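Peer 1: Dropping the structure in here first, questions after.
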Amino acid sequence: EEVLVVENRALRVVGLERQEERPLPFDASRAAYLPDGSAAIGSTTGDLLILSEESAQPLQDLPFKEAITCLAASPDGKWLFAGTDKQSR
């Protein structure tokens, strides 16, 4: 098992077998693993990026108008839930 930890402009992957840190292009506020191994990262400024597992390169950018306060993915990977203090998608 691994855990994603976001702090400022860094994404940390922490697990029993590995620990790594990757830079992010913004101040992150939330992170969630997706079933395919990619990661959803929400920012304090309203950016929501889907990052590839291998390269941590952005696969998709979903803009919000304010800070992302929560993220969750459905177990089958068909849905990604993201919310702010004022809206959810």
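Going by the structure tokens order, chains are called A, B, ..., each with residues numbered from 1, while ligands are numbered from 1 in the order shown.
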Neighbours of range 68-83 of chain A within 9 Å (only C-alpha atoms; same-chain residues fewer than 4 positions away dropped), as JSON, numbers by chain?
Peer 2: {"A": [28, 29, 30, 31, 32, 33, 34, 35, 36, 40, 41, 42, 43, 44, 45, 46, 47, 48, 64, 87, 88, 89]}
Peer 1: Filtering to N, CA and C atoms, could you give me those residues as a PDB file, in the first residue's frame?
Peer 2:
```pdb
ATOM      1  N   ALA A  28      -0.229  22.446  -3.785  1.00  0.00           N
ATOM      2  CA  ALA A  28      -1.259  21.407  -3.753  1.00  0.00           C
ATOM      3  C   ALA A  28      -2.009  21.421  -2.425  1.00  0.00           C
ATOM      4  N   SER A  29      -3.286  21.059  -2.489  1.00  0.00           N
ATOM      5  CA  SER A  29      -4.100  20.998  -1.274  1.00  0.00           C
ATOM      6  C   SER A  29      -4.658  19.600  -1.021  1.00  0.00           C
ATOM      7  N   ARG A  30      -4.900  18.813  -2.075  1.00  0.00           N
ATOM      8  CA  ARG A  30      -5.488  17.476  -1.945  1.00  0.00           C
ATOM      9  C   ARG A  30      -4.927  16.551  -3.011  1.00  0.00           C
ATOM     10  N   ALA A  31      -4.930  15.243  -2.717  1.00  0.00           N
ATOM     11  CA  ALA A  31      -4.479  14.243  -3.679  1.00  0.00           C
ATOM     12  C   ALA A  31      -5.305  12.981  -3.523  1.00  0.00           C
ATOM     13  N   ALA A  32      -5.490  12.263  -4.627  1.00  0.00           N
ATOM     14  CA  ALA A  32      -6.204  10.984  -4.598  1.00  0.00           C
ATOM     15  C   ALA A  32      -5.621  10.074  -5.664  1.00  0.00           C
ATOM     16  N   TYR A  33      -5.401   8.818  -5.291  1.00  0.00           N
ATOM     17  CA  TYR A  33      -5.009   7.810  -6.279  1.00  0.00           C
ATOM     18  C   TYR A  33      -6.221   7.434  -7.116  1.00  0.00           C
ATOM     19  N   LEU A  34      -5.988   7.182  -8.390  1.00  0.00           N
ATOM     20  CA  LEU A  34      -7.026   6.672  -9.279  1.00  0.00           C
ATOM     21  C   LEU A  34      -6.722   5.201  -9.531  1.00  0.00           C
ATOM     22  N   PRO A  35      -7.750   4.389  -9.818  1.00  0.00           N
ATOM     23  CA  PRO A  35      -7.541   2.944  -9.965  1.00  0.00           C
ATOM     24  C   PRO A  35      -6.503   2.542 -11.018  1.00  0.00           C
ATOM     25  N   ASP A  36      -6.285   3.371 -12.039  1.00  0.00           N
ATOM     26  CA  ASP A  36      -5.306   3.026 -13.077  1.00  0.00           C
ATOM     27  C   ASP A  36      -3.870   3.360 -12.669  1.00  0.00           C
ATOM     28  N   ALA A  40      -4.834  12.226  -8.995  1.00  0.00           N
ATOM     29  CA  ALA A  40      -5.521  13.508  -9.121  1.00  0.00           C
ATOM     30  C   ALA A  40      -4.954  14.415  -8.036  1.00  0.00           C
ATOM     31  N   ILE A  41      -4.543  15.620  -8.431  1.00  0.00           N
ATOM     32  CA  ILE A  41      -3.950  16.569  -7.496  1.00  0.00           C
ATOM     33  C   ILE A  41      -4.713  17.881  -7.601  1.00  0.00           C
ATOM     34  N   GLY A  42      -5.247  18.357  -6.476  1.00  0.00           N
ATOM     35  CA  GLY A  42      -5.960  19.626  -6.435  1.00  0.00           C
ATOM     36  C   GLY A  42      -5.090  20.697  -5.812  1.00  0.00           C
ATOM     37  N   SER A  43      -5.277  21.942  -6.266  1.00  0.00           N
ATOM     38  CA  SER A  43      -4.428  23.032  -5.779  1.00  0.00           C
ATOM     39  C   SER A  43      -5.201  24.017  -4.911  1.00  0.00           C
ATOM     40  N   THR A  44      -4.437  24.880  -4.273  1.00  0.00           N
ATOM     41  CA  THR A  44      -5.019  25.939  -3.458  1.00  0.00           C
ATOM     42  C   THR A  44      -5.580  27.067  -4.315  1.00  0.00           C
ATOM     43  N   THR A  45      -5.267  27.056  -5.614  1.00  0.00           N
ATOM     44  CA  THR A  45      -5.755  28.097  -6.520  1.00  0.00           C
ATOM     45  C   THR A  45      -6.829  27.612  -7.481  1.00  0.00           C
ATOM     46  N   GLY A  46      -7.238  26.351  -7.376  1.00  0.00           N
ATOM     47  CA  GLY A  46      -8.311  25.843  -8.207  1.00  0.00           C
ATOM     48  C   GLY A  46      -7.897  24.979  -9.376  1.00  0.00           C
ATOM     49  N   ASP A  47      -6.629  24.644  -9.481  1.00  0.00           N
ATOM     50  CA  ASP A  47      -6.189  23.714 -10.529  1.00  0.00           C
ATOM     51  C   ASP A  47      -6.443  22.289 -10.066  1.00  0.00           C
ATOM     52  N   LEU A  48      -6.879  21.450 -10.974  1.00  0.00           N
ATOM     53  CA  LEU A  48      -7.025  20.022 -10.709  1.00  0.00           C
ATOM     54  C   LEU A  48      -6.354  19.293 -11.855  1.00  0.00           C
ATOM     55  N   PHE A  64     -10.935  24.816 -11.700  1.00  0.00           N
ATOM     56  CA  PHE A  64     -11.972  25.234 -10.762  1.00  0.00           C
ATOM     57  C   PHE A  64     -11.740  26.715 -10.467  1.00  0.00           C
ATOM     58  N   GLN A  87     -18.518  24.719  -4.573  1.00  0.00           N
ATOM     59  CA  GLN A  87     -19.015  23.921  -5.684  1.00  0.00           C
ATOM     60  C   GLN A  87     -18.428  22.522  -5.664  1.00  0.00           C
ATOM     61  N   SER A  88     -19.089  21.616  -6.348  1.00  0.00           N
ATOM     62  CA  SER A  88     -18.554  20.270  -6.542  1.00  0.00           C
ATOM     63  C   SER A  88     -18.847  19.843  -7.958  1.00  0.00           C
ATOM     64  N   ARG A  89     -18.033  18.914  -8.473  1.00  0.00           N
ATOM     65  CA  ARG A  89     -18.223  18.393  -9.838  1.00  0.00           C
ATOM     66  C   ARG A  89     -18.052  16.903  -9.824  1.00  0.00           C
TER      67      ARG A  89
END
```
Peer 1: Identify, on the basis of only C-alpha atoms, every residue whose closest approach to Gly15 in chain A does not exceed 12 Å; exclude the query and any residue fewer than 4 positions from it along the same chain; express the result as a list in words.
Peer 2: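 Everything that qualifies: Glu1, Glu2, Val3, Leu4, Val5, Gln19, Glu20 and Glu21 of chain A.
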Peer 1: Could you save the residues just selected, with N, CA, C and O atoms, as a CSV table (one decimal), in the first residue's frame?
Peer 2:
```
chain,number,residue,atom,x,y,z
A,1,GLU,N,0.8,-1.2,0.0
A,1,GLU,CA,0.0,0.0,0.0
A,1,GLU,C,0.9,1.2,0.0
A,1,GLU,O,1.9,1.3,0.6
A,2,GLU,N,0.4,2.3,-0.7
A,2,GLU,CA,1.1,3.5,-0.7
A,2,GLU,C,0.1,4.7,-0.4
A,2,GLU,O,-1.1,4.5,-0.6
A,3,VAL,N,0.7,5.8,0.1
A,3,VAL,CA,-0.1,6.9,0.4
A,3,VAL,C,0.4,8.1,-0.3
A,3,VAL,O,1.6,8.2,-0.5
A,4,LEU,N,-0.5,9.0,-0.8
A,4,LEU,CA,0.0,10.2,-1.4
A,4,LEU,C,-0.1,11.3,-0.4
A,4,LEU,O,-1.1,11.5,0.3
A,5,VAL,N,1.0,12.1,-0.3
A,5,VAL,CA,1.0,13.2,0.6
A,5,VAL,C,1.4,14.5,-0.2
A,5,VAL,O,2.3,14.4,-1.0
A,19,GLN,N,9.7,5.3,-1.4
A,19,GLN,CA,9.4,6.7,-1.0
A,19,GLN,C,10.0,7.6,-2.1
A,19,GLN,O,11.2,7.4,-2.4
A,20,GLU,N,9.2,8.4,-2.7
A,20,GLU,CA,9.7,9.3,-3.7
A,20,GLU,C,9.0,10.7,-3.6
A,20,GLU,O,7.9,10.7,-3.1
A,21,GLU,N,9.6,11.7,-4.0
A,21,GLU,CA,9.0,13.0,-4.0
A,21,GLU,C,9.1,13.6,-5.4
A,21,GLU,O,10.2,13.5,-6.1
```
Peer 1: Which polymer residues have any atom within 8 Å of an atom of range 52-56 of chain A, counting only C-alpha atoms, with same-chain residues fewer than 6 positions away left out, as a count of residues only?
Peer 2: 4
Peer 1: Enumerate, as a list in words, the complete set of residues in range 17-66 of chain A that a backbone-based DSSP assignment places in strand (DSSP E).
Peer 2: Gln19, Glu20, Glu21, Arg22, Pro23, Ala28, Ser29, Arg30, Ala31, Ala32, Tyr33, Ala39, Ala40, Ile41, Gly42, Ser43, Leu48, Leu49, Ile50, Leu51, Pro58, Leu59, Gln60 and Asp61 of chain A
